[in-house]
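Shown next: entry.tsv, containing TSV, C-alpha atoms and all ligand atoms.
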```
chain	number	residue	atom	x	y	z
W	1	MET	CA	151.74	154.20	115.76
W	2	CYS	CA	148.98	156.79	115.06
W	3	ASP	CA	145.68	155.42	113.86
W	4	PRO	CA	145.12	156.15	110.16
W	5	THR	CA	142.63	158.91	109.41
W	6	PRO	CA	139.59	157.76	107.45
W	7	PRO	CA	139.14	159.46	104.07
W	8	GLU	CA	136.29	161.73	103.10
W	9	PRO	CA	133.69	159.85	101.02
W	10	ILE	CA	133.90	160.48	97.28
W	11	PRO	CA	130.88	162.63	96.31
W	12	GLY	CA	128.10	160.73	94.56
W	13	THR	CA	129.02	157.29	95.91
W	14	ASP	CA	126.14	156.85	98.37
W	15	LEU	CA	123.68	155.70	95.74
W	16	LEU	CA	126.13	154.24	93.24
W	17	PHE	CA	125.48	150.59	94.20
W	18	SER	CA	122.36	148.64	95.13
W	19	LEU	CA	123.84	146.85	98.15
W	20	ASP	CA	121.47	145.98	100.99
W	21	ARG	CA	122.07	148.67	103.60
W	22	ALA	CA	121.27	146.20	106.36
W	23	VAL	CA	124.46	144.32	105.46
W	24	THR	CA	127.93	145.56	106.37
W	25	TYR	CA	129.66	144.69	103.11
W	26	LEU	CA	133.40	144.66	103.75
W	27	ASN	CA	134.31	142.04	101.16
W	28	HIS	CA	134.39	143.73	97.77
W	29	GLY	CA	137.42	141.61	96.91
W	30	ALA	CA	135.41	138.39	96.91
W	31	VAL	CA	133.14	138.81	93.91
W	32	GLY	CA	133.03	142.59	93.46
W	33	ALA	CA	129.73	144.48	93.17
W	34	VAL	CA	128.20	146.15	90.14
W	35	PRO	CA	127.25	149.86	90.13
W	36	VAL	CA	123.60	150.57	89.30
W	37	SER	CA	124.59	152.41	86.09
W	38	VAL	CA	126.39	149.27	84.88
W	39	GLN	CA	123.48	147.03	85.87
W	40	ARG	CA	121.30	149.28	83.71
W	41	ALA	CA	123.72	149.18	80.79
W	42	GLN	CA	123.67	145.39	80.94
W	43	GLN	CA	119.88	145.37	81.18
W	44	ARG	CA	119.69	147.52	78.03
W	45	LEU	CA	121.83	144.94	76.25
W	46	ARG	CA	119.54	142.18	77.48
W	47	ASP	CA	116.51	144.14	76.27
W	48	GLU	CA	118.19	144.54	72.90
W	49	THR	CA	118.84	140.79	72.77
W	50	GLU	CA	115.26	139.91	73.57
W	51	ALA	CA	113.88	142.38	71.03
W	52	ASN	CA	115.53	140.36	68.25
W	53	PRO	CA	117.65	137.51	69.60
W	54	LEU	CA	118.91	136.29	66.24
W	55	ARG	CA	119.98	139.74	65.19
W	56	PHE	CA	121.93	140.21	68.44
W	57	TYR	CA	123.84	136.94	68.07
W	58	ALA	CA	124.20	136.72	64.30
W	59	HIS	CA	124.93	140.31	63.24
W	60	GLY	CA	127.94	142.18	64.47
W	61	LEU	CA	128.49	140.43	67.81
W	62	VAL	CA	132.10	139.47	67.01
W	63	GLY	CA	132.93	143.09	66.22
W	64	ARG	CA	131.17	144.43	69.30
W	65	VAL	CA	133.01	142.00	71.57
W	66	SER	CA	136.29	143.02	69.88
W	67	ASP	CA	135.55	146.70	70.49
W	68	ALA	CA	134.84	146.09	74.19
W	69	ARG	CA	137.96	143.92	74.46
W	70	ARG	CA	140.11	146.67	72.92
W	71	GLU	CA	138.83	149.12	75.51
W	72	ALA	CA	139.58	146.73	78.38
W	73	ALA	CA	143.04	145.99	76.93
W	74	ALA	CA	143.83	149.71	76.63
W	75	PHE	CA	142.75	150.23	80.25
W	76	LEU	CA	145.17	147.51	81.37
W	77	GLY	CA	148.06	148.45	79.09
W	78	ALA	CA	147.84	145.18	77.19
W	79	ASP	CA	148.27	144.45	73.48
W	80	PRO	CA	144.68	144.28	72.18
W	81	ASP	CA	145.60	141.56	69.65
W	82	GLY	CA	146.93	139.37	72.45
W	83	CYS	CA	143.85	139.64	74.66
W	84	ALA	CA	140.68	137.61	74.89
W	85	PHE	CA	137.64	137.96	77.08
W	86	VAL	CA	136.97	134.90	79.20
W	87	GLY	CA	134.31	134.33	81.84
W	88	ASN	CA	136.67	134.47	84.79
W	89	VAL	CA	140.16	133.69	86.01
W	90	THR	CA	139.13	130.11	86.81
W	91	THR	CA	138.33	129.55	83.13
W	92	ALA	CA	141.57	131.16	81.97
W	93	VAL	CA	143.65	128.93	84.24
W	94	SER	CA	142.00	125.80	82.77
W	95	LEU	CA	142.46	127.23	79.28
W	96	VAL	CA	146.18	127.71	79.85
W	97	LEU	CA	146.56	124.27	81.43
W	98	ASN	CA	144.69	122.81	78.45
W	99	SER	CA	147.14	124.51	76.09
W	100	LEU	CA	150.24	122.90	77.62
W	101	ASP	CA	151.39	119.49	76.51
W	102	LEU	CA	151.74	118.07	80.00
W	103	HIS	CA	153.37	114.66	80.29
W	104	SER	CA	154.20	112.25	83.03
W	105	GLY	CA	157.03	113.62	85.18
W	106	ASP	CA	156.41	117.25	84.18
W	107	GLU	CA	155.92	119.84	86.90
W	108	ILE	CA	153.82	122.91	87.58
W	109	VAL	CA	154.98	125.35	90.25
W	110	THR	CA	152.66	127.54	92.34
W	111	THR	CA	152.98	129.17	95.76
W	112	ASP	CA	151.13	128.61	99.02
W	113	HIS	CA	149.61	132.12	98.68
W	114	GLY	CA	147.66	130.92	95.63
W	115	TYR	CA	143.90	130.69	95.22
W	116	GLY	CA	142.15	127.45	96.20
W	117	ALA	CA	140.30	126.83	92.93
W	118	VAL	CA	143.51	127.40	90.96
W	119	ARG	CA	145.24	124.85	93.16
W	120	PHE	CA	142.44	122.35	92.40
W	121	ALA	CA	142.76	123.00	88.64
W	122	VAL	CA	146.51	122.42	88.76
W	123	ASP	CA	146.09	119.28	90.88
W	124	HIS	CA	143.54	117.98	88.37
W	125	ALA	CA	145.71	118.69	85.29
W	126	CYS	CA	148.74	117.14	86.98
W	127	ALA	CA	146.81	114.03	88.08
W	128	ARG	CA	145.55	113.46	84.51
W	129	ALA	CA	149.02	113.78	83.01
W	130	GLY	CA	151.00	112.11	85.80
W	131	ALA	CA	152.72	115.44	86.41
W	132	VAL	CA	153.77	116.92	89.75
W	133	HIS	CA	152.39	120.02	91.43
W	134	THR	CA	155.07	121.75	93.49
W	135	VAL	CA	153.85	124.36	95.96
W	136	VAL	CA	156.52	126.84	97.04
W	137	GLU	CA	156.21	127.74	100.72
W	138	LEU	CA	156.64	131.37	101.67
W	139	SER	CA	156.20	133.33	104.88
W	140	LEU	CA	153.06	135.43	105.45
W	141	CYS	CA	154.77	138.69	104.45
W	142	PRO	CA	157.74	137.69	102.29
W	143	THR	CA	160.04	140.31	100.81
W	144	ASP	CA	160.13	140.70	97.02
W	145	ASP	CA	163.58	139.05	96.97
W	146	GLU	CA	162.24	136.07	98.92
W	147	VAL	CA	159.38	135.55	96.44
W	148	VAL	CA	161.62	135.86	93.37
W	149	ASP	CA	164.37	133.64	94.80
W	150	ALA	CA	162.03	130.91	96.06
W	151	VAL	CA	160.04	130.68	92.81
W	152	ARG	CA	163.16	130.81	90.64
W	153	ALA	CA	164.82	128.09	92.76
W	154	ALA	CA	161.75	125.83	92.45
W	155	ALA	CA	161.61	125.98	88.64
W	156	GLY	CA	163.71	123.27	87.05
W	157	ASP	CA	164.16	121.24	83.86
W	158	ARG	CA	160.76	119.53	84.14
W	159	THR	CA	158.79	122.68	84.98
W	160	ARG	CA	156.19	123.40	82.30
W	161	LEU	CA	154.48	126.34	84.00
W	162	VAL	CA	154.88	128.68	86.96
W	163	ILE	CA	151.72	130.32	88.30
W	164	VAL	CA	152.29	133.36	90.46
W	165	ASP	CA	149.67	135.69	91.90
W	166	HIS	CA	149.87	139.41	91.26
W	167	VAL	CA	147.72	140.14	94.33
W	168	THR	CA	147.18	137.14	96.58
W	169	SER	CA	143.75	136.20	97.83
W	170	PRO	CA	144.08	134.62	101.30
W	171	THR	CA	147.01	136.82	102.34
W	172	ALA	CA	146.47	140.17	100.53
W	173	ARG	CA	150.08	140.43	99.28
W	174	LEU	CA	151.38	142.18	96.18
W	175	PHE	CA	153.94	139.93	94.50
W	176	PRO	CA	156.75	141.27	92.27
W	177	VAL	CA	155.44	139.51	89.17
W	178	ALA	CA	157.58	141.44	86.66
W	179	ARG	CA	160.69	140.39	88.59
W	180	VAL	CA	159.53	136.76	88.70
W	181	VAL	CA	159.00	136.84	84.93
W	182	SER	CA	162.39	138.35	84.30
W	183	ALA	CA	164.10	135.87	86.66
W	184	LEU	CA	162.62	133.01	84.63
W	185	ARG	CA	163.34	134.57	81.23
W	186	GLY	CA	165.85	132.45	79.40
W	187	THR	CA	164.90	129.28	81.28
W	188	GLY	CA	162.09	128.51	78.83
W	189	VAL	CA	159.60	128.16	81.70
W	190	PRO	CA	156.39	130.05	80.92
W	191	VAL	CA	154.72	132.15	83.60
W	192	LEU	CA	150.98	132.61	84.18
W	193	VAL	CA	150.20	135.62	86.35
W	194	ASP	CA	146.94	135.25	88.28
W	195	ALA	CA	145.92	138.88	88.52
W	196	ALA	CA	142.30	138.26	89.56
W	197	HIS	CA	142.37	141.26	91.90
W	198	VAL	CA	144.32	143.72	89.76
W	199	PRO	CA	142.04	145.42	87.17
W	200	GLY	CA	140.63	148.54	88.81
W	201	GLN	CA	142.43	147.98	92.11
W	202	LEU	CA	145.96	148.79	90.92
W	203	PRO	CA	147.25	150.77	87.98
W	204	VAL	CA	148.94	148.25	85.68
W	205	ARG	CA	150.78	147.99	82.33
W	206	VAL	CA	150.34	144.33	81.48
W	207	ASP	CA	152.74	144.46	78.53
W	208	ALA	CA	155.54	145.76	80.75
W	209	ILE	CA	155.25	142.65	82.97
W	210	GLY	CA	156.14	140.44	80.00
W	211	ALA	CA	154.38	137.29	81.26
W	212	ASP	CA	153.45	134.50	78.88
W	213	PHE	CA	149.91	134.65	80.29
W	214	TRP	CA	148.30	137.27	82.50
W	215	VAL	CA	144.64	137.21	83.51
W	216	GLY	CA	142.60	139.63	85.57
W	217	ASN	CA	138.95	139.82	86.54
W	218	LEU	CA	137.14	143.00	85.61
W	219	HIS	CA	134.19	141.97	87.76
W	220	LYS	CA	136.03	142.47	91.04
W	221	TRP	CA	137.46	146.01	91.12
W	222	ALA	CA	136.69	147.35	87.62
W	223	PHE	CA	132.90	147.44	88.10
W	224	ALA	CA	132.09	145.00	85.27
W	225	PRO	CA	129.24	142.49	85.60
W	226	PRO	CA	130.22	139.01	86.83
W	227	GLY	CA	131.69	136.85	84.09
W	228	THR	CA	134.21	139.38	82.75
W	229	ALA	CA	137.92	138.63	82.75
W	230	LEU	CA	140.68	139.58	80.34
W	231	LEU	CA	143.39	137.11	79.39
W	232	ALA	CA	146.58	138.51	77.82
W	233	VAL	CA	148.74	136.04	75.93
W	234	ALA	CA	152.30	136.65	74.69
W	235	PRO	CA	152.81	136.42	70.89
W	236	ALA	CA	154.67	133.09	71.03
W	237	TRP	CA	151.70	131.38	72.70
W	238	ARG	CA	148.77	132.79	70.72
W	239	GLU	CA	148.70	130.04	68.12
W	240	LYS	CA	149.09	127.37	70.76
W	241	VAL	CA	146.06	128.38	72.80
W	242	ARG	CA	143.53	125.52	72.74
W	243	PRO	CA	139.99	126.71	73.43
W	244	LEU	CA	138.09	124.69	76.02
W	245	VAL	CA	135.02	124.84	73.78
W	246	VAL	CA	135.20	124.60	69.98
W	247	SER	CA	132.62	126.64	68.10
W	248	TRP	CA	131.99	128.72	64.96
W	249	GLU	CA	134.95	131.08	65.37
W	250	HIS	CA	137.46	128.26	65.78
W	251	ALA	CA	139.05	128.78	62.38
W	252	ALA	CA	139.47	132.50	63.11
W	253	GLY	CA	142.03	131.57	65.77
W	254	TYR	CA	142.89	133.40	68.96
W	255	PRO	CA	141.23	135.49	70.40
W	256	HIS	CA	137.89	134.90	68.59
W	257	SER	CA	138.18	131.12	68.96
W	258	VAL	CA	138.33	131.56	72.74
W	259	GLU	CA	135.66	134.24	73.06
W	260	HIS	CA	132.86	132.81	70.95
W	261	GLN	CA	131.19	129.68	72.26
W	262	GLY	CA	127.76	129.69	70.66
W	263	THR	CA	124.75	131.11	72.42
W	264	LEU	CA	126.32	132.43	75.62
W	265	ASP	CA	125.47	135.58	77.56
W	266	TYR	CA	127.89	138.14	76.10
W	267	THR	CA	126.26	141.11	77.86
W	268	PRO	CA	128.77	141.23	80.77
W	269	TRP	CA	131.64	141.82	78.32
W	270	LEU	CA	129.74	144.43	76.35
W	271	ALA	CA	128.71	146.21	79.57
W	272	SER	CA	132.28	146.19	80.90
W	273	THR	CA	132.88	149.47	79.07
W	274	ALA	CA	130.19	151.06	81.27
W	275	GLY	CA	132.09	149.77	84.32
W	276	LEU	CA	135.30	151.41	83.15
W	277	ARG	CA	133.41	154.60	82.41
W	278	THR	CA	131.96	154.67	85.93
W	279	LEU	CA	135.39	154.08	87.45
W	280	ARG	CA	136.90	156.89	85.37
W	281	SER	CA	134.05	159.25	86.21
W	282	LEU	CA	134.91	158.89	89.92
W	283	GLY	CA	138.61	159.40	89.14
W	284	LEU	CA	140.90	156.40	89.33
W	285	SER	CA	143.38	158.01	91.66
W	286	ALA	CA	140.60	159.33	93.90
W	287	VAL	CA	139.16	155.81	94.16
W	288	HIS	CA	142.55	154.30	94.95
W	289	ALA	CA	143.38	156.99	97.53
W	290	HIS	CA	139.98	156.57	99.21
W	291	ASN	CA	140.07	152.78	99.31
W	292	THR	CA	143.65	152.40	100.53
W	293	ALA	CA	143.13	154.98	103.29
W	294	LEU	CA	139.84	153.42	104.36
W	295	VAL	CA	141.16	149.87	104.50
W	296	ALA	CA	144.09	151.10	106.62
W	297	TYR	CA	141.59	152.64	109.03
W	298	GLY	CA	139.49	149.46	109.04
W	299	GLN	CA	142.49	147.21	109.64
W	300	HIS	CA	143.46	149.22	112.73
W	301	ALA	CA	139.91	149.35	114.08
W	302	VAL	CA	139.33	145.61	113.69
W	303	GLY	CA	142.88	144.68	114.73
W	304	ARG	CA	142.52	146.63	117.97
W	305	ALA	CA	139.15	145.01	118.66
W	306	VAL	CA	140.64	141.53	118.47
W	307	GLY	CA	143.43	142.57	120.82
W	308	LEU	CA	146.27	143.21	118.38
W	309	ASP	CA	148.87	145.91	118.77
W	310	PRO	CA	148.66	148.00	115.55
W	311	ASP	CA	152.44	147.74	115.21
W	312	THR	CA	152.14	143.97	114.79
W	313	LEU	CA	149.51	144.03	112.03
W	314	PRO	CA	150.60	142.55	108.69
W	315	SER	CA	151.91	145.22	106.34
W	316	ARG	CA	149.58	146.69	103.74
W	317	PRO	CA	151.27	146.56	100.33
W	318	ALA	CA	151.14	149.98	98.60
W	319	GLY	CA	148.01	150.48	96.56
W	320	LEU	CA	145.97	147.58	97.90
W	321	SER	CA	142.38	148.06	98.99
W	322	MET	CA	142.47	144.85	101.04
W	323	ALA	CA	144.14	144.27	104.41
W	324	LEU	CA	144.58	141.41	106.85
W	325	VAL	CA	143.71	141.01	110.49
W	326	PRO	CA	145.16	137.78	111.95
W	327	LEU	CA	142.64	136.11	114.26
W	328	PRO	CA	143.58	134.89	117.74
W	329	ALA	CA	145.64	131.67	117.66
W	330	GLY	CA	143.57	128.50	118.04
W	331	LEU	CA	140.35	130.03	116.70
W	332	VAL	CA	140.62	128.84	113.09
W	333	GLY	CA	142.74	125.77	112.39
W	334	ASP	CA	141.56	124.75	108.94
W	335	GLN	CA	139.48	125.96	106.02
W	336	SER	CA	136.25	124.39	107.27
W	337	ALA	CA	136.62	126.28	110.57
W	338	ALA	CA	137.35	129.43	108.55
W	339	SER	CA	134.20	128.98	106.47
W	340	ALA	CA	132.14	128.27	109.60
W	341	LEU	CA	133.37	131.50	111.23
W	342	CYS	CA	132.66	133.45	108.06
W	343	GLU	CA	129.10	132.13	108.08
W	344	ARG	CA	128.65	132.98	111.77
W	345	ILE	CA	129.86	136.51	111.09
W	346	ALA	CA	127.39	136.82	108.21
W	347	ASP	CA	124.46	135.37	110.17
W	348	ARG	CA	125.05	136.94	113.58
W	349	LEU	CA	126.66	140.26	112.63
W	350	GLY	CA	125.10	140.85	109.22
W	351	ALA	CA	128.62	141.44	107.88
W	352	GLU	CA	130.51	140.04	104.90
W	353	VAL	CA	134.25	139.55	105.26
W	354	SER	CA	136.67	136.92	104.09
W	355	VAL	CA	138.18	134.40	106.53
W	356	ASN	CA	140.86	131.94	105.47
W	357	ALA	CA	143.01	129.39	107.23
W	358	TRP	CA	146.59	130.01	106.23
W	359	GLY	CA	149.72	128.64	107.87
W	360	GLY	CA	147.59	127.06	110.62
W	361	ARG	CA	146.00	130.37	111.59
W	362	GLY	CA	142.86	132.31	110.72
W	363	LEU	CA	143.27	135.42	108.57
W	364	LEU	CA	140.40	137.84	108.27
W	365	ARG	CA	140.58	139.92	105.09
W	366	LEU	CA	138.86	143.30	104.88
W	367	SER	CA	138.21	145.22	101.68
W	368	ALA	CA	137.36	148.87	101.14
W	369	GLN	CA	135.39	150.25	98.22
W	370	VAL	CA	133.86	153.66	97.52
W	371	TYR	CA	130.53	152.63	99.10
W	372	ASN	CA	132.14	151.80	102.48
W	373	ARG	CA	132.29	154.25	105.37
W	374	ALA	CA	134.56	154.33	108.44
W	375	GLY	CA	131.64	153.72	110.82
W	376	GLU	CA	131.03	150.32	109.25
W	377	TYR	CA	134.49	149.11	110.30
W	378	ASP	CA	134.01	150.56	113.82
W	379	ARG	CA	130.67	148.81	114.25
W	380	PHE	CA	131.97	145.57	112.80
W	381	ALA	CA	135.03	145.72	115.08
W	382	GLY	CA	132.89	146.07	118.22
W	383	ARG	CA	130.51	143.28	117.20
W	384	LEU	CA	133.32	140.94	116.16
W	385	ALA	CA	135.02	141.39	119.53
W	386	ALA	CA	131.74	140.49	121.28
W	387	LEU	CA	131.19	137.47	119.00
W	388	LEU	CA	134.68	136.14	119.65
W	389	ALA	CA	134.34	136.72	123.40
W	390	ASP	CA	131.07	134.73	123.26
W	391	GLY	CA	132.99	131.71	122.01
F	401	LIG	C1	143.80	135.17	93.27
F	401	LIG	C2	142.51	134.66	92.68
F	401	LIG	N1	142.58	133.85	91.60
F	401	LIG	C3	141.46	133.39	91.01
F	401	LIG	C4	140.21	133.72	91.49
F	401	LIG	C5	139.01	133.16	90.80
F	401	LIG	O1	138.23	134.15	90.25
F	401	LIG	P1	136.87	133.73	89.52
F	401	LIG	O2	135.99	133.11	90.57
F	401	LIG	O3	136.31	135.00	89.00
F	401	LIG	O4	137.22	132.76	88.47
F	401	LIG	C6	140.10	134.55	92.62
F	401	LIG	C7	138.78	134.90	93.16
F	401	LIG	O5	138.64	135.48	94.19
F	401	LIG	C8	141.29	135.02	93.22
F	401	LIG	O6	141.24	135.79	94.30
```

Please go through the file and, once you have read it, give me the structure as structure tokens.
Amino acid sequence: MCDPTPPEPIPGTDLLFSLDRAVTYLNHGAVGAVPVSVQRAQQRLRDETEANPLRFYAHGLVGRVSDARREAAAFLGADPDGCAFVGNVTTAVSLVLNSLDLHSGDEIVTTDHGYGAVRFAVDHACARAGAVHTVVELSLCPTDDEVVDAVRAAAGDRTRLVIVDHVTSPTARLFPVARVVSALRGTGVPVLVDAAHVPGQLPVRVDAIGADFWVGNLHKWAFAPPGTALLAVAPAWREKVRPLVVSWEHAAGYPHSVEHQGTLDYTPWLASTAGLRTLRSLGLSAVHAHNTALVAYGQHAVGRAVGLDPDTLPSRPAGLSMALVPLPAGLVGDQSAASALCERIADRLGAEVSVNAWGGRGLLRLSAQVYNRAGEYDRFAGRLAALLADG
């Protein structure tokens, strides 16, 4: 197989972020990064708050949040009346779990490609209610049919919720969420799509997926400040959503009852429009083309350095800006070994990547964003090979 050709940098991206140039930052997928223009937009909102705090909170905030939410919803192809800003996907998952009437013997179904904190939240909700958490086991690179069939087969009479990831975190897969939703339609089992990695990384029409709940972080790939996620709720569920915090907008119902929780920092949501503007100014398709080509290049460079034949590398689902490099067998057996290796890579190589233990093996996940350059993956590859040879 020919090595992928790295893309030309997108003009104007060298100074777009304020990342420390001494660090090789190959993990945009973890918590994102905020462009300088968006940092400034948020700072202006903070300045405005501090100039007259009461005015900021008490006059027009509900309307301003609604305006920003409508823009985010339009970007994601979601019904603006069905969307609410929440702080992050973690919060949305607890909000949805809190809105179910879980009883003893009920079941929640997830997959083994799911995110750790979501697994903890489901375990916690199930333990409180005496419900069961069923984790569907899949292979590392399952086909779409395998995902749909396994999830559909796991959902039964007692299933109160299925959670399926749109883009998976430890394994960088793209799951056929619309097909999962349609396979479960008619069974009465609601579906929550964890789309933490989708906004800004993949073009999406949330309404076309038809999930009961869909939530994506705008602070990963859509250049919003941390603390910005959009939850989309199907009409049948909107009145059943139980906010985790009850405050002044409670009587207004969803989405205001979810969004307004007293004196919080609302500037990330208001500045999210600046993030979308920055993304559009670069050109969405140019960003996607750049990032997918660069991560392909990086996967080959790092894969070769750890001794893998490029033909055996895990597939890269179309449109993803993240890719996997399996680590040599025996190196990472569990999550604490994965975290220890991640820390060693950060300390000794000055590089940020993601390392997870999955299926008894270490998986290194690389990301590519407009600030990354091919040379960073080459340098990282050489240094990683030396680090692993060192033992
Ligand atoms: C698939 C998935 N779900 C949920 C989360 C949690 O996101 P947050 O920390 O913003 O709540 C992440 C974060 O990386 C994720 O990858």

Check your understanding: Which residue out of W:Met322, W:Leu100, W:Ala131, W:Ala84 has the minimum interatomic distance to ligand LIG 401 (chain F) when only C-alpha atoms and all ligand atoms are used?
Key ->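 Among W:Met322, W:Leu100, W:Ala131, W:Ala84, it is W:Met322 that comes nearest to ligand LIG 401 (chain F).
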
Point to revise | Pick from W:Val34, W:Val109, W:Val23, W:Leu54 nearest to Gly262 in chain W, counting all atoms listed in the file | key: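 Answer, going by the shortest atom-to-atom distance: W:Leu54.
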
Point to revise | Close residues, range 172-183 of chain W itself excluded, 8 Å, all atoms listed in the file, min 2 positions apart in chain, as a PyMOL selection string | key: chain W and resi 141+144+147-148+151-152+164-170+185+191+193+208-211+316-317+320+322-324+365

Any chance you could export the current selection's C-alpha atoms as a CSV table (one decimal), keeping the file's coordinate frame?
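Final output, part17.csv:
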```csv
chain,number,residue,atom,x,y,z
W,141,CYS,CA,154.8,138.7,104.4
W,144,ASP,CA,160.1,140.7,97.0
W,147,VAL,CA,159.4,135.6,96.4
W,148,VAL,CA,161.6,135.9,93.4
W,151,VAL,CA,160.0,130.7,92.8
W,152,ARG,CA,163.2,130.8,90.6
W,164,VAL,CA,152.3,133.4,90.5
W,165,ASP,CA,149.7,135.7,91.9
W,166,HIS,CA,149.9,139.4,91.3
W,167,VAL,CA,147.7,140.1,94.3
W,168,THR,CA,147.2,137.1,96.6
W,169,SER,CA,143.8,136.2,97.8
W,170,PRO,CA,144.1,134.6,101.3
W,185,ARG,CA,163.3,134.6,81.2
W,191,VAL,CA,154.7,132.2,83.6
W,193,VAL,CA,150.2,135.6,86.4
W,208,ALA,CA,155.5,145.8,80.8
W,209,ILE,CA,155.2,142.6,83.0
W,210,GLY,CA,156.1,140.4,80.0
W,211,ALA,CA,154.4,137.3,81.3
W,316,ARG,CA,149.6,146.7,103.7
W,317,PRO,CA,151.3,146.6,100.3
W,320,LEU,CA,146.0,147.6,97.9
W,322,MET,CA,142.5,144.8,101.0
W,323,ALA,CA,144.1,144.3,104.4
W,324,LEU,CA,144.6,141.4,106.8
W,365,ARG,CA,140.6,139.9,105.1
```

Exercise for review: Choose the residue, out of W:Ser367, W:Gln42, W:Ser94, W:Thr13, that has the smallest atom-to-atom separation from Arg242 in chain W; count only C-alpha atoms.
Suggested key: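 When distances to Arg242 in chain W are compared using only C-alpha atoms, the smallest one comes from W:Ser94.
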
**Study point:** Local residues around (144.9, 140.5, 118.3), at most 7 Å away, using all atoms listed in the file, as a list in words
**Key:** Gly303, Arg304, Val306, Gly307, Leu308, Asp309, Pro326, Leu327 and Pro328 of chain W

Exercise for review: Could you please determine the separation between CA of Leu282 in chain W and CA of Glu8 in chain W in Å, to one decimal place?
Suggested key: 13.6 Å

Point to revise | Closest of W:Val89, W:Leu264, W:Ala224, W:Leu244 to ligand LIG 401 (chain F) - atom-to-atom distances counting all atoms listed in the file | key: W:Val89

Practice item. Let me have all residues with an atom within 10 Å of ligand LIG 401 (chain F), counting all atoms listed in the file, laid out as an NGL selection string. Key: :W and (28-32 or 86-93 or 113-119 or 164-172 or 193-198 or 215-220 or 226-229)

Review point. Between CA of Gly253 in chain W and CA of Lys240 in chain W, what is the distance, to one decimal in Å?
Key: 9.6 Å

Review point. When you draw a straight line from CA of Ala338 in chain W to CA of Ala22 in chain W, how long is it in Å?
Key: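 We find that CA of Ala338 in chain W and CA of Ala22 in chain W lie 23.3 Å from each other.
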
Review point. Between W:Phe120, W:Trp214, W:Trp269, W:Phe17, which is the closest to Arg70 in chain W once you count only C-alpha atoms?
Key: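 With only C-alpha atoms as the atom set, the closest residue is W:Trp269.
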
Practice item. Rank nothing, just name the residue among W:Ala222, W:Val233, W:Ala125, W:Leu16 nearest to Pro199 in chain W, using all atoms listed in the file. Key: W:Ala222

Neighbouring residues of range 62-64 of chain W were defined as those with any atom within 12 Å, considering only C-alpha atoms; residues of the same chain fewer than 6 positions away were excluded. Please report them as a compact mmCIF listing (two decimals) with C-alpha atoms, in the frame of the given file.
```txt
# COMPACT_ATOMS: atom_id res chain seq x y z
CA LEU W 45 121.83 144.94 76.25
CA PHE W 56 121.93 140.21 68.44
CA ARG W 70 140.11 146.67 72.92
CA GLU W 71 138.83 149.12 75.51
CA ALA W 84 140.68 137.61 74.89
CA PHE W 85 137.64 137.96 77.08
CA TRP W 248 131.99 128.72 64.96
CA GLU W 249 134.95 131.08 65.37
CA ALA W 252 139.47 132.50 63.11
CA PRO W 255 141.23 135.49 70.40
CA HIS W 256 137.89 134.90 68.59
CA SER W 257 138.18 131.12 68.96
CA VAL W 258 138.33 131.56 72.74
CA GLU W 259 135.66 134.24 73.06
CA HIS W 260 132.86 132.81 70.95
CA GLN W 261 131.19 129.68 72.26
CA GLY W 262 127.76 129.69 70.66
CA TYR W 266 127.89 138.14 76.10
CA THR W 267 126.26 141.11 77.86
CA TRP W 269 131.64 141.82 78.32
CA LEU W 270 129.74 144.43 76.35
CA ALA W 271 128.71 146.21 79.57
CA SER W 272 132.28 146.19 80.90
CA THR W 273 132.88 149.47 79.07
```

Show me, as a CSV table (one decimal) with C-alpha atoms, in the coordinates of the input, the residues that have an atom within 8 Å of Val162 in chain W when counting only C-alpha atoms, minus same-chain residues fewer than 4 positions from it.
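New file around-v7.csv:
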```
chain,number,residue,atom,x,y,z
W,108,ILE,CA,153.8,122.9,87.6
W,109,VAL,CA,155.0,125.4,90.2
W,110,THR,CA,152.7,127.5,92.3
W,155,ALA,CA,161.6,126.0,88.6
W,189,VAL,CA,159.6,128.2,81.7
W,190,PRO,CA,156.4,130.0,80.9
W,191,VAL,CA,154.7,132.2,83.6
W,192,LEU,CA,151.0,132.6,84.2
```

Review point. Hey, what's within 8 Å of Leu366 in chain W if we count only C-alpha atoms and toss same-chain stuff fewer than 5 positions away? As a PyMOL selection string, please?
Key: chain W and resi 26-27+295+298-299+322-325+353-354
